[in-house]
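A.B. asks: Have a look at this one before I ask anything.
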Amino acid sequence: MIETNLDEQTIRRIVREEIEAALKKDPANKKAAIIASKGTLDWAYPPLILSTAAAASGMDVAVFFTFYGLNVIHKDFENKLKVSPVANPGMPMPVPIPEVINALPGMQGMATMMMKSMFKKKNVAGIGELHQVARESGVRMIACQMTMDVFGYTKDDFIEGIEIGGAASFLSIARRGHLTLFV
Amino acid sequence: MIETNLDEQTIRRIVREEIEAALKKDPANKKAAIIASKGTLDWAYPPLILSTAAAASGMDVAVFFTFYGLNVIHKDFENKLKVSPVANPGMPMPVPIPEVINALPGMQGMATMMMKSMFKKKNVAGIGELHQVARESGVRMIACQMTMDVFGYTKDDFIEGIEIGGAASFLSIARRGHLTLFV
Amino acid sequence: MIETNLDEQTIRRIVREEIEAALKKDPANKKAAIIASKGTLDWAYPPLILSTAAAASGMDVAVFFTFYGLNVIHKDFENKLKVSPVANPGMPMPVPIPEVINALPGMQGMATMMMKSMFKKKNVAGIGELHQVARESGVRMIACQMTMDVFGYTKDDFIEGIEIGGAASFLSIARRGHLTLFV
């Protein structure tokens, strides 16, 4: 008889130790699911930066591109992703500009150029580079079937490496992970 | 003596098996908590579509309507939920329109109409239908007490089936679920 | 021999009881990680209100201020946090105003003043007070290193009690908690 000390109390202690250890490596710690719903240059960065950073730290990551977020993975992302200074009083500008001037033609192009140059000067990767990092680090990039239909996009409109799926397929990933974000 | 083989090692193996099985059906996998904070037509869709899709896949879902998101459950949602083309360079438009024209009276109505028609043509349910699906599938719709007070709303301003609660009541749901999104 | 009844079946029952109890107090239930990415007055409230409410209910909370969200913790937040009525058809206004008028100089100041007064009248804490509550309740406020560099900010630009960190340090917190929000 080798287990003479293993009474219920001892077993409960063992169980608690194992559970504590298991929760520390809870599989949900390793899973991230991010929705990318915005179609402007500034809001293209967060889902790409967060997803590639999560993948770099060993997480399994899926990004679901939906609504205006389909712009982020469009082949023509360079032209589609712009940044608007209008109605964005949070955007730091060298000089304060009244909104009515911000609304003039040309200001959007200027703001987009400014942001690209600010990011480049600080060695932040561009959108195209982030696409590549995402692909290479195994980030799953899923285009939302429903909004593709609404906006009239087909798979050919998107960069390489994109899957197509619905809200249900996103949810089946997201429900198993701790990190879930709607950008 | 029936348990002669159950030494500590065996018990640890049993425990690990049970934990692995338990984490696969972790109750947090079944719970979703979504904040709906935006008051425009385009941003009314994601919380309603995601919450009803989550409920359809068997999850317990709560949506917390706060700030401008109170528009989404307002009785007069048809008039309150509009979409603005200004400062949304991400919105796909048949022709590119300078922002200054986008700001003219009438453009907002036009953009709203366009979006409604695009969604209808693709058989996406309208906001009113999504309200009904949410109610029928047991999605809890909670209006934020604090922002109701700030904006001067009472429970009568909202569609049927709405609960009223504070941030604390939202958090007590959200902290137990994997899927938590701020829309 | 004290453990004569502890056969495998009994042990599995004990294990399941312990796991059920453990998952109810899953450490992930206690952890919240919020990204604050917006730089306007209206969107400064949700991360501060949610993080302080979460801390009040006993959770460990970290807020990661990035992109325009750096405004929220800037020493000059009173001037940096404005609210724009343009392109926000969701904002309740006493009278409907065409967008072209919303874009005129002065409207932004008016909308900002209106919102501050609405919140004050309803006894909602101001941003400065919320900073203090956050500090006192142990909310970790982390400024994003990368966007600080891009926008040219140093630690001295921010209010007291701010840490500096990267996306990786945010992710290492977020992946262990149920409540993860991108505001």
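For the structure tokens, the naming scheme is as follows: chains receive sequential letters (A, B, ...) according to their order of presentation, residues are indexed from 1 within each chain, and ligands are indexed from 1 in presentation order.
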So which residues touch Ala44 (chain C) within 10 Å, counting only C-alpha atoms, skipping near sequence neighbours fewer than 6 positions away, as a compact mmCIF listing (two decimals) with N, CA and C atoms, in the first residue's frame?

C.D. replies:
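The file below, result.txt, is the result:
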```txt
# COMPACT_ATOMS: atom_id res chain seq x y z
N ALA C 36 -6.83 53.21 -24.23
CA ALA C 36 -7.47 54.51 -24.46
C ALA C 36 -6.77 55.15 -25.64
N SER C 37 -7.46 55.19 -26.78
CA SER C 37 -6.80 55.62 -28.03
C SER C 37 -7.35 56.92 -28.59
N LYS C 38 -8.43 57.43 -27.99
CA LYS C 38 -9.09 58.63 -28.53
C LYS C 38 -8.68 59.87 -27.74
N GLY C 69 -5.06 59.05 -27.56
CA GLY C 69 -5.37 58.84 -26.15
C GLY C 69 -4.33 59.44 -25.22
N LEU C 70 -3.14 59.74 -25.73
CA LEU C 70 -2.12 60.39 -24.90
C LEU C 70 -2.63 61.75 -24.41
N ASN C 71 -3.55 62.37 -25.17
CA ASN C 71 -4.16 63.64 -24.71
C ASN C 71 -4.80 63.51 -23.33
N VAL C 72 -5.36 62.33 -23.06
CA VAL C 72 -6.15 62.14 -21.83
C VAL C 72 -5.30 62.30 -20.58
N ILE C 73 -4.00 61.98 -20.70
CA ILE C 73 -3.11 62.07 -19.54
C ILE C 73 -2.09 63.21 -19.70
N PHE C 77 -4.45 68.60 -20.37
CA PHE C 77 -5.66 67.92 -20.86
C PHE C 77 -6.86 68.84 -20.97
N LEU C 81 -8.39 68.27 -24.63
CA LEU C 81 -9.59 67.45 -24.79
C LEU C 81 -10.77 68.32 -25.20
N LYS C 82 -11.12 68.27 -26.47
CA LYS C 82 -12.28 69.00 -26.96
C LYS C 82 -13.26 68.00 -27.54
N VAL C 83 -14.48 68.49 -27.81
CA VAL C 83 -15.42 67.59 -28.46
C VAL C 83 -15.90 68.26 -29.73
N ILE C 127 -12.45 65.26 -15.66
CA ILE C 127 -11.29 64.44 -16.05
C ILE C 127 -10.19 64.49 -14.97
N VAL C 183 -10.83 51.36 -26.38
CA VAL C 183 -11.71 52.54 -26.46
C VAL C 183 -11.07 53.54 -27.40
```

A.B. asks: Got a sec to tell me which of region 31-74 of chain B DSSP assigns to alpha helix (DSSP H), as an MDAnalysis selection string?

C.D. replies: chainID B and resid 41:56

A.B. asks: Go ahead and write the residues just picked, N, CA, C and O atoms, as a short mmCIF file (atom, residue, chain, number, x, y, z; two decimals), in the first residue's frame.

C.D. replies:
```
data_model
loop_
_atom_site.label_atom_id
_atom_site.label_comp_id
_atom_site.auth_asym_id
_atom_site.auth_seq_id
_atom_site.Cartn_x
_atom_site.Cartn_y
_atom_site.Cartn_z
N LEU B 41 -25.71 55.34 -37.52
CA LEU B 41 -26.28 54.14 -38.12
C LEU B 41 -25.24 53.06 -38.35
O LEU B 41 -25.45 51.89 -38.03
N ASP B 42 -24.07 53.46 -38.90
CA ASP B 42 -23.05 52.44 -39.21
C ASP B 42 -22.59 51.71 -37.95
O ASP B 42 -22.47 50.50 -37.93
N TRP B 43 -22.36 52.47 -36.86
CA TRP B 43 -21.86 51.86 -35.64
C TRP B 43 -22.96 51.27 -34.77
O TRP B 43 -22.69 50.71 -33.70
N ALA B 44 -24.21 51.35 -35.22
CA ALA B 44 -25.29 50.64 -34.52
C ALA B 44 -25.29 49.17 -34.90
O ALA B 44 -25.69 48.30 -34.11
N TYR B 45 -24.81 48.86 -36.11
CA TYR B 45 -24.82 47.47 -36.57
C TYR B 45 -23.90 46.54 -35.78
O TYR B 45 -24.33 45.47 -35.33
N PRO B 46 -22.62 46.90 -35.60
CA PRO B 46 -21.72 45.90 -34.99
C PRO B 46 -22.18 45.34 -33.64
O PRO B 46 -22.19 44.11 -33.48
N PRO B 47 -22.60 46.18 -32.67
CA PRO B 47 -23.02 45.55 -31.40
C PRO B 47 -24.25 44.67 -31.56
O PRO B 47 -24.35 43.62 -30.91
N LEU B 48 -25.17 45.07 -32.44
CA LEU B 48 -26.39 44.27 -32.62
C LEU B 48 -26.09 42.98 -33.38
O LEU B 48 -26.59 41.90 -33.02
N ILE B 49 -25.27 43.06 -34.42
CA ILE B 49 -24.94 41.85 -35.19
C ILE B 49 -24.09 40.89 -34.35
O ILE B 49 -24.36 39.69 -34.29
N LEU B 50 -23.08 41.43 -33.67
CA LEU B 50 -22.21 40.55 -32.87
C LEU B 50 -22.97 39.92 -31.71
O LEU B 50 -22.79 38.74 -31.40
N SER B 51 -23.84 40.70 -31.05
CA SER B 51 -24.53 40.14 -29.88
C SER B 51 -25.55 39.09 -30.30
O SER B 51 -25.67 38.04 -29.65
N THR B 52 -26.27 39.31 -31.40
CA THR B 52 -27.24 38.31 -31.83
C THR B 52 -26.54 37.07 -32.38
O THR B 52 -27.00 35.95 -32.16
N ALA B 53 -25.40 37.28 -33.07
CA ALA B 53 -24.63 36.11 -33.56
C ALA B 53 -24.09 35.30 -32.38
O ALA B 53 -24.09 34.07 -32.41
N ALA B 54 -23.63 36.00 -31.34
CA ALA B 54 -23.11 35.29 -30.15
C ALA B 54 -24.23 34.51 -29.47
O ALA B 54 -24.05 33.35 -29.07
N ALA B 55 -25.40 35.13 -29.34
CA ALA B 55 -26.55 34.44 -28.73
C ALA B 55 -26.94 33.22 -29.57
O ALA B 55 -27.25 32.16 -29.03
N ALA B 56 -26.90 33.38 -30.90
CA ALA B 56 -27.25 32.27 -31.79
C ALA B 56 -26.30 31.09 -31.62
O ALA B 56 -26.68 29.94 -31.84
#
```

A.B. asks: If you measure from CA of Thr112 (chain B) to CA of Thr40 (chain B), what distance in Å do you get, rounded to one decimal?

C.D. replies: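 Going from CA of Thr112 (chain B) over to CA of Thr40 (chain B) covers 9.3 Å.
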
A.B. asks: Considering only C-alpha atoms, return as a list in words whatever protein or nucleic-acid residues lie within 12 Å of Ser57 (chain A), sequence-local ones (same chain, fewer than 5 positions apart) excluded.

C.D. replies: Asn29, Lys30, Lys31, Ala32, Leu50, Ser51, Thr52, Ser137, Gly138 and Val139 of chain A; Ala167, Ala168, Ser169, Phe170, Leu171, Ser172 and Arg175 of chain C

A.B. asks: Write the residues of the preceding selection, restricted to N, CA, C and O atoms, as a compact mmCIF listing (two decimals), in the first residue's frame.

C.D. replies:
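Below is the file that was written, again-v7.txt:
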```txt
# COMPACT_ATOMS: atom_id res chain seq x y z
N ASN A 29 -5.01 32.39 -22.29
CA ASN A 29 -3.93 33.38 -22.23
C ASN A 29 -3.21 33.53 -23.56
O ASN A 29 -2.50 34.50 -23.78
N LYS A 30 -3.32 32.50 -24.38
CA LYS A 30 -2.53 32.47 -25.61
C LYS A 30 -3.31 32.91 -26.84
O LYS A 30 -2.78 32.95 -27.94
N LYS A 31 -4.60 33.23 -26.66
CA LYS A 31 -5.43 33.51 -27.83
C LYS A 31 -5.90 34.96 -27.86
O LYS A 31 -6.38 35.49 -26.87
N ALA A 32 -5.73 35.59 -29.01
CA ALA A 32 -6.17 36.97 -29.19
C ALA A 32 -7.06 37.06 -30.42
O ALA A 32 -6.78 36.44 -31.44
N LEU A 50 -1.02 45.70 -32.82
CA LEU A 50 -1.37 44.83 -31.69
C LEU A 50 -1.32 43.35 -32.08
O LEU A 50 -0.84 42.51 -31.31
N SER A 51 -1.81 43.03 -33.28
CA SER A 51 -1.85 41.62 -33.67
C SER A 51 -0.44 41.08 -33.90
O SER A 51 -0.12 39.96 -33.50
N THR A 52 0.43 41.87 -34.54
CA THR A 52 1.78 41.38 -34.79
C THR A 52 2.58 41.32 -33.48
O THR A 52 3.37 40.40 -33.28
N SER A 137 4.19 35.99 -39.34
CA SER A 137 4.11 35.54 -37.94
C SER A 137 2.83 34.76 -37.67
O SER A 137 2.50 34.47 -36.53
N GLY A 138 2.12 34.41 -38.75
CA GLY A 138 0.98 33.51 -38.60
C GLY A 138 -0.29 34.14 -38.08
O GLY A 138 -1.21 33.44 -37.63
N VAL A 139 -0.40 35.47 -38.15
CA VAL A 139 -1.66 36.13 -37.79
C VAL A 139 -2.72 35.74 -38.83
O VAL A 139 -2.48 35.91 -40.02
N ALA C 167 3.61 48.11 -26.48
CA ALA C 167 2.49 47.21 -26.74
C ALA C 167 2.71 45.86 -26.04
O ALA C 167 1.77 45.28 -25.48
N ALA C 168 3.96 45.39 -26.03
CA ALA C 168 4.24 44.09 -25.43
C ALA C 168 3.91 44.10 -23.93
O ALA C 168 3.37 43.12 -23.41
N SER C 169 4.22 45.21 -23.26
CA SER C 169 3.94 45.23 -21.82
C SER C 169 2.43 45.30 -21.57
O SER C 169 1.91 44.70 -20.64
N PHE C 170 1.70 46.00 -22.46
CA PHE C 170 0.24 45.97 -22.35
C PHE C 170 -0.29 44.56 -22.56
O PHE C 170 -1.12 44.06 -21.79
N LEU C 171 0.19 43.90 -23.61
CA LEU C 171 -0.31 42.56 -23.95
C LEU C 171 -0.05 41.57 -22.83
O LEU C 171 -0.87 40.68 -22.58
N SER C 172 1.10 41.71 -22.13
CA SER C 172 1.42 40.75 -21.08
C SER C 172 0.44 40.87 -19.91
O SER C 172 0.22 39.91 -19.18
N ARG C 175 -3.45 39.67 -21.66
CA ARG C 175 -3.68 38.25 -21.96
C ARG C 175 -4.07 37.45 -20.73
O ARG C 175 -4.49 36.30 -20.86
```

A.B. asks: Fewer than 4 positions away in the same chain doesn't count, so skip those; otherwise give me all residues within 10 Å of His178 (chain C), counting only C-alpha atoms, as a ChimeraX atom specification.

C.D. replies: /A:28-29,177-180 /B:28,174-180 /C:26-33,174

A.B. asks: Using DSSP assignments from the backbone, pull out every residue in region 29-143 of chain C that falls under strand (DSSP E) and give it to me as a PyMOL selection string.

C.D. replies: chain C and resi 31-36+60-65+140-143

A.B. asks: Restricting the output to N, CA, C and O atoms, write the selected residues as a tab-separated table (two decimals), in the first residue's frame.

C.D. replies:
```tsv
chain	number	residue	atom	x	y	z
C	31	LYS	N	-8.79	40.77	-13.50
C	31	LYS	CA	-7.85	41.61	-14.26
C	31	LYS	C	-8.55	42.31	-15.42
C	31	LYS	O	-9.25	41.68	-16.20
C	32	ALA	N	-8.31	43.62	-15.52
C	32	ALA	CA	-8.87	44.40	-16.62
C	32	ALA	C	-7.77	45.17	-17.31
C	32	ALA	O	-6.88	45.71	-16.66
C	33	ALA	N	-7.82	45.20	-18.63
C	33	ALA	CA	-6.83	45.95	-19.42
C	33	ALA	C	-7.57	46.73	-20.48
C	33	ALA	O	-8.30	46.16	-21.30
C	34	ILE	N	-7.40	48.04	-20.43
C	34	ILE	CA	-8.16	48.93	-21.31
C	34	ILE	C	-7.21	49.78	-22.14
C	34	ILE	O	-6.23	50.31	-21.61
C	35	ILE	N	-7.46	49.88	-23.44
C	35	ILE	CA	-6.68	50.77	-24.29
C	35	ILE	C	-7.48	52.06	-24.49
C	35	ILE	O	-8.65	52.01	-24.86
C	36	ALA	N	-6.83	53.21	-24.23
C	36	ALA	CA	-7.47	54.51	-24.46
C	36	ALA	C	-6.77	55.15	-25.64
C	36	ALA	O	-5.62	55.57	-25.54
C	60	ASP	N	-7.74	44.40	-10.60
C	60	ASP	CA	-6.45	45.00	-10.96
C	60	ASP	C	-6.58	45.55	-12.37
C	60	ASP	O	-6.85	44.78	-13.30
C	61	VAL	N	-6.37	46.84	-12.53
C	61	VAL	CA	-6.68	47.48	-13.81
C	61	VAL	C	-5.46	48.20	-14.37
C	61	VAL	O	-4.75	48.89	-13.64
C	62	ALA	N	-5.23	48.02	-15.66
C	62	ALA	CA	-4.22	48.80	-16.36
C	62	ALA	C	-4.87	49.50	-17.55
C	62	ALA	O	-5.68	48.89	-18.25
C	63	VAL	N	-4.56	50.78	-17.73
C	63	VAL	CA	-5.02	51.50	-18.91
C	63	VAL	C	-3.79	51.89	-19.72
C	63	VAL	O	-2.83	52.44	-19.19
C	64	PHE	N	-3.85	51.59	-21.01
C	64	PHE	CA	-2.74	51.86	-21.92
C	64	PHE	C	-3.16	53.03	-22.81
C	64	PHE	O	-4.07	52.90	-23.62
C	65	PHE	N	-2.51	54.18	-22.64
C	65	PHE	CA	-2.86	55.37	-23.40
C	65	PHE	C	-1.99	55.43	-24.65
C	65	PHE	O	-0.76	55.50	-24.55
C	140	ARG	N	-3.22	51.27	-12.94
C	140	ARG	CA	-1.94	51.54	-13.61
C	140	ARG	C	-2.21	52.30	-14.90
C	140	ARG	O	-3.00	51.86	-15.73
C	141	MET	N	-1.59	53.47	-15.05
C	141	MET	CA	-1.77	54.26	-16.27
C	141	MET	C	-0.46	54.22	-17.04
C	141	MET	O	0.56	54.73	-16.58
C	142	ILE	N	-0.51	53.59	-18.22
C	142	ILE	CA	0.71	53.36	-19.00
C	142	ILE	C	0.65	54.15	-20.30
C	142	ILE	O	-0.29	54.01	-21.08
C	143	ALA	N	1.65	55.02	-20.51
C	143	ALA	CA	1.72	55.77	-21.77
C	143	ALA	C	2.50	54.95	-22.78
C	143	ALA	O	3.54	54.37	-22.46
```
